[in-house]
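Here the structure is laid out as structure tokens; the discussion comes afterwards.
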Amino acid sequence: MKTFLSITRDQILKLFHPINPKTHKGIQGHALLIGGSYGKIGSITLSSKAALKTGCGLVTAYIPKCGYTILQTAVPEIMVLTDCEEKFISKIEYAIHPQAIGIGPGMGTDSQTQKALHEFLKTNKIPLVVDADAINCIVIENSLFKLLQPKTILTPHVKELERLLGTWNSDDEMLQKAMNFSLQYNLIIVLKGAPTLIVDGKIIYENSTGNAALATAGSGDVLTGMITSLLAQSYNAIDAAILGVYLHGLCADLKDSNTSTQSFIASDIIENLGNSFLDLGI
């Protein structure tokens, strides 16, 4: 038996934690974003900037060497750690202590990257968001699903979801498969779409914000950064997912009246985050 719940403005206002006026960056959450590969550094750049703009005190990106200058130039507020390889991630090692990790944007599926992900998942105990190529790497080696911590958040788009679940013949069948998968592995699945749905076991949350402007390259990378940021700020996994998808959609709903749906891009989502918080009065 499925339970459908709508994500509403009132619910968001109840979930939101007001920021302590005496807080500082050291206690406002530290997010680590892992990803990027040659030609796909933009993805991790978007995720990292979105994490900052969602309120995280500190954000670190772990990337291959080829992205260092790009990321330090594009988002100087972000700290950067680099892999020993130039064009892809081959080993995930860091000495920092993040409160949440987002992994996958632009990461690629090189065999060494797949191995690095496997080794990372064997030891990771930190709240995690798994997106994009990290999902694709896990699908290649299905046994990795068993290494994911309870309530890990997966954020697939429709093609990634198909790789996870197999094909389906109807929306009802898709939701049933997603629910069964969530229950089997105790994971939260954010089904990016129109509308975005969140599957947490037998409960399915339907987002009430967003529009066709979100159908643009990098939109999902932004969402990954936002949810990771909220996890790092001590929201539990389902609340971080709910808040993240609502704010993500609201950014598109509040787009400037002079900006067409066609010309709205992922960077515009990030730029509208401040307006989204103001619109909610938080």
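Chain labels A, B, ... are given in the sequence in which chains occur in the structure tokens; within each chain residues are numbered consecutively from 1, and ligands are likewise numbered from 1 in the order shown.
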
Requested in this report: Quick one: pick out all strand (DSSP E) residues within range 35-69 of chain A from a backbone DSSP run and write them as a list of chain:residue names.
Outcome: A:Leu58, A:Val59, A:Thr60, A:Ala61, A:Tyr62, A:Ile63

Output the selection as a tab-separated table (two decimals), in the first residue's frame - N, CA and C atoms for each residue.
chain	number	residue	atom	x	y	z
A	58	LEU	N	30.89	25.61	4.91
A	58	LEU	CA	32.11	25.24	4.20
A	58	LEU	C	31.78	24.21	3.13
A	59	VAL	N	32.40	24.33	1.98
A	59	VAL	CA	32.24	23.35	0.91
A	59	VAL	C	33.61	23.02	0.33
A	60	THR	N	33.88	21.73	0.23
A	60	THR	CA	35.10	21.24	-0.41
A	60	THR	C	34.72	20.38	-1.60
A	61	ALA	N	35.43	20.54	-2.70
A	61	ALA	CA	35.23	19.69	-3.88
A	61	ALA	C	36.45	18.80	-4.06
A	62	TYR	N	36.19	17.52	-4.35
A	62	TYR	CA	37.25	16.56	-4.66
A	62	TYR	C	37.14	16.22	-6.14
A	63	ILE	N	38.18	16.56	-6.93
A	63	ILE	CA	38.10	16.49	-8.39
A	63	ILE	C	39.42	15.99	-8.98

Query - Selection: 9 Å around Ile203 in chain A, only C-alpha atoms, excl. self and same-chain fewer than 2 positions, as JSON, numbers by chain - result: {"A": [1, 2, 3, 4, 5, 179, 198, 199, 200, 201, 205]}

Contacts of range 217-219 of chain A within 10 Å, only C-alpha atoms, excl. fewer than 4 positions in-chain, as a tab-separated table (two decimals) with C-alpha atoms, in the first residue's frame:
chain	number	residue	atom	x	y	z
A	42	GLY	CA	31.07	22.15	-14.97
A	43	SER	CA	28.89	19.58	-13.21
A	44	ILE	CA	30.85	19.57	-9.97
A	45	THR	CA	31.23	23.35	-10.19
A	46	LEU	CA	27.46	23.74	-10.24
A	47	SER	CA	26.97	21.27	-7.37
A	105	PRO	CA	28.27	14.82	-10.86
A	106	GLY	CA	30.40	14.66	-14.00
A	192	LYS	CA	13.71	13.91	-10.96
A	213	ALA	CA	12.48	25.73	-17.01
A	223	LEU	CA	19.89	19.70	-6.83
A	224	THR	CA	22.63	17.33	-5.65
A	248	HIS	CA	14.93	23.73	-6.40
A	265	ILE	CA	19.82	27.61	-17.27
A	266	ALA	CA	21.18	25.75	-14.26
A	267	SER	CA	23.22	28.72	-13.08
A	268	ASP	CA	19.97	30.68	-12.87
A	269	ILE	CA	18.65	28.16	-10.34
A	270	ILE	CA	21.61	28.93	-8.10

Report task. Using DSSP on the backbone coordinates, identify the residues of range 43-259 of chain A assigned to alpha helix (DSSP H); present them as a ChimeraX atom specification. Result -> /A:43-53,68-74,111-123,132-140,158-165,171-185,219-232,237-253

Query raised in the report: Excluding same-chain residues fewer than 4 positions from Leu52 in chain A, what lies within 12 Å of it counting only C-alpha atoms, as an MDAnalysis selection string?
Result: chainID A and resid 25 28:33 45:48 56:61 75:79 222 224:230 232:233 270:271 273:274

Export, as a PDB file, in the first residue's frame, the selected residues with C-alpha atoms.
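Listing of selection_20.pdb after writing:
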ATOM      1  CA  LYS A  25      31.053  28.844   9.235  1.00  0.00           C
ATOM      2  CA  GLN A  28      27.112  25.772   9.731  1.00  0.00           C
ATOM      3  CA  GLY A  29      27.960  22.470   8.050  1.00  0.00           C
ATOM      4  CA  HIS A  30      30.805  21.236   5.855  1.00  0.00           C
ATOM      5  CA  ALA A  31      29.815  19.527   2.593  1.00  0.00           C
ATOM      6  CA  LEU A  32      32.134  17.493   0.391  1.00  0.00           C
ATOM      7  CA  LEU A  33      31.254  17.179  -3.312  1.00  0.00           C
ATOM      8  CA  THR A  45      31.227  23.349 -10.191  1.00  0.00           C
ATOM      9  CA  LEU A  46      27.456  23.740 -10.235  1.00  0.00           C
ATOM     10  CA  SER A  47      26.971  21.266  -7.371  1.00  0.00           C
ATOM     11  CA  SER A  48      29.595  22.947  -5.206  1.00  0.00           C
ATOM     12  CA  CYS A  56      26.522  25.479   4.031  1.00  0.00           C
ATOM     13  CA  GLY A  57      29.327  27.113   5.994  1.00  0.00           C
ATOM     14  CA  LEU A  58      32.113  25.236   4.197  1.00  0.00           C
ATOM     15  CA  VAL A  59      32.240  23.351   0.908  1.00  0.00           C
ATOM     16  CA  THR A  60      35.099  21.242  -0.407  1.00  0.00           C
ATOM     17  CA  ALA A  61      35.234  19.695  -3.881  1.00  0.00           C
ATOM     18  CA  VAL A  75      33.879  29.601  -7.318  1.00  0.00           C
ATOM     19  CA  PRO A  76      36.687  31.049  -5.175  1.00  0.00           C
ATOM     20  CA  GLU A  77      34.723  30.422  -1.969  1.00  0.00           C
ATOM     21  CA  ILE A  78      35.124  26.663  -2.404  1.00  0.00           C
ATOM     22  CA  MET A  79      38.100  24.617  -1.174  1.00  0.00           C
ATOM     23  CA  VAL A 222      22.448  21.834  -8.685  1.00  0.00           C
ATOM     24  CA  THR A 224      22.634  17.332  -5.646  1.00  0.00           C
ATOM     25  CA  GLY A 225      24.567  20.249  -4.168  1.00  0.00           C
ATOM     26  CA  MET A 226      21.463  21.635  -2.487  1.00  0.00           C
ATOM     27  CA  ILE A 227      20.463  18.351  -0.831  1.00  0.00           C
ATOM     28  CA  THR A 228      24.051  17.655   0.250  1.00  0.00           C
ATOM     29  CA  SER A 229      24.214  21.127   1.788  1.00  0.00           C
ATOM     30  CA  LEU A 230      21.039  20.539   3.781  1.00  0.00           C
ATOM     31  CA  ALA A 232      25.523  18.875   6.146  1.00  0.00           C
ATOM     32  CA  GLN A 233      23.414  21.409   8.042  1.00  0.00           C
ATOM     33  CA  ILE A 270      21.615  28.930  -8.097  1.00  0.00           C
ATOM     34  CA  GLU A 271      21.206  32.680  -8.569  1.00  0.00           C
ATOM     35  CA  LEU A 273      18.210  30.531  -4.312  1.00  0.00           C
ATOM     36  CA  GLY A 274      18.338  33.752  -2.316  1.00  0.00           C
TER      37      GLY A 274
END

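For the atom pair formed by CA of Thr209 in chain A and CA of Tyr246 in chain A, the distance is 5.8 Å, given to one decimal.
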
Query raised in the report: Of the candidates A:Lys151, A:His17, A:Lys177, A:Lys91, which shows the shortest atom-to-atom distance to Ile34 in chain A, using only C-alpha atoms?
Result: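 Nearest to Ile34 in chain A: A:Lys91.
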
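A straight line drawn from CA of Phe120 in chain A to CA of Gly102 in chain A is 12.4 Å long.
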
**Report entry** Nearest-residue call for Ile12 in chain A, choices A:Ser276, A:Thr196, A:Thr82, A:Ser234, using only C-alpha atoms
**Finding:**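 Smallest distance to Ile12 in chain A is found for A:Ser276.
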
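The residue that comes closest to Ala100 in chain A, out of A:Gln176, A:Pro127, A:Gln11, A:Lys53 and on the basis of only C-alpha atoms, is A:Pro127.
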
Query raised in the report: Between CA of Ala116 in chain A and CA of Gly67 in chain A, what is the spacing in Å?
Result: 18.1 Å

Requested in this report: Find the residues near Lys14 in chain A: any atom within 12 Å, counting only C-alpha atoms, skip ones fewer than 3 places away on the same chain, and give them as an MDAnalysis selection string.
Outcome: chainID A and resid 7:11 17:18 239 242:243 280 282

Query raised in the report: Can you list, as a PyMOL selection string, every protein, DNA or RNA residue that comes within 8 Å of Ala241 in chain A when you count only C-alpha atoms, leaving out same-chain residues fewer than 3 positions away?
Result: chain A and resi 153+190+198+227+237-238+244-245

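Close contacts of Asn272 in chain A, defined as residues with an atom at most 8 Å away when counting only C-alpha atoms, with chain neighbours fewer than 6 positions off set aside, comprise A:Cys251, A:Ala252, A:Leu254, A:Lys255.
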
Query raised in the report: Which is closer to Asp133 in chain A than all the others in A:Pro21, A:Gly210, A:Gly36, A:Gly55, using only C-alpha atoms?
Result: A:Gly36

Query - Pick from A:Thr113, A:Thr155, A:Ser170, A:Thr73 nearest to Val130 in chain A, counting only C-alpha atoms - result: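 Among A:Thr113, A:Thr155, A:Ser170, A:Thr73, it is A:Thr155 that comes nearest to Val130 in chain A.
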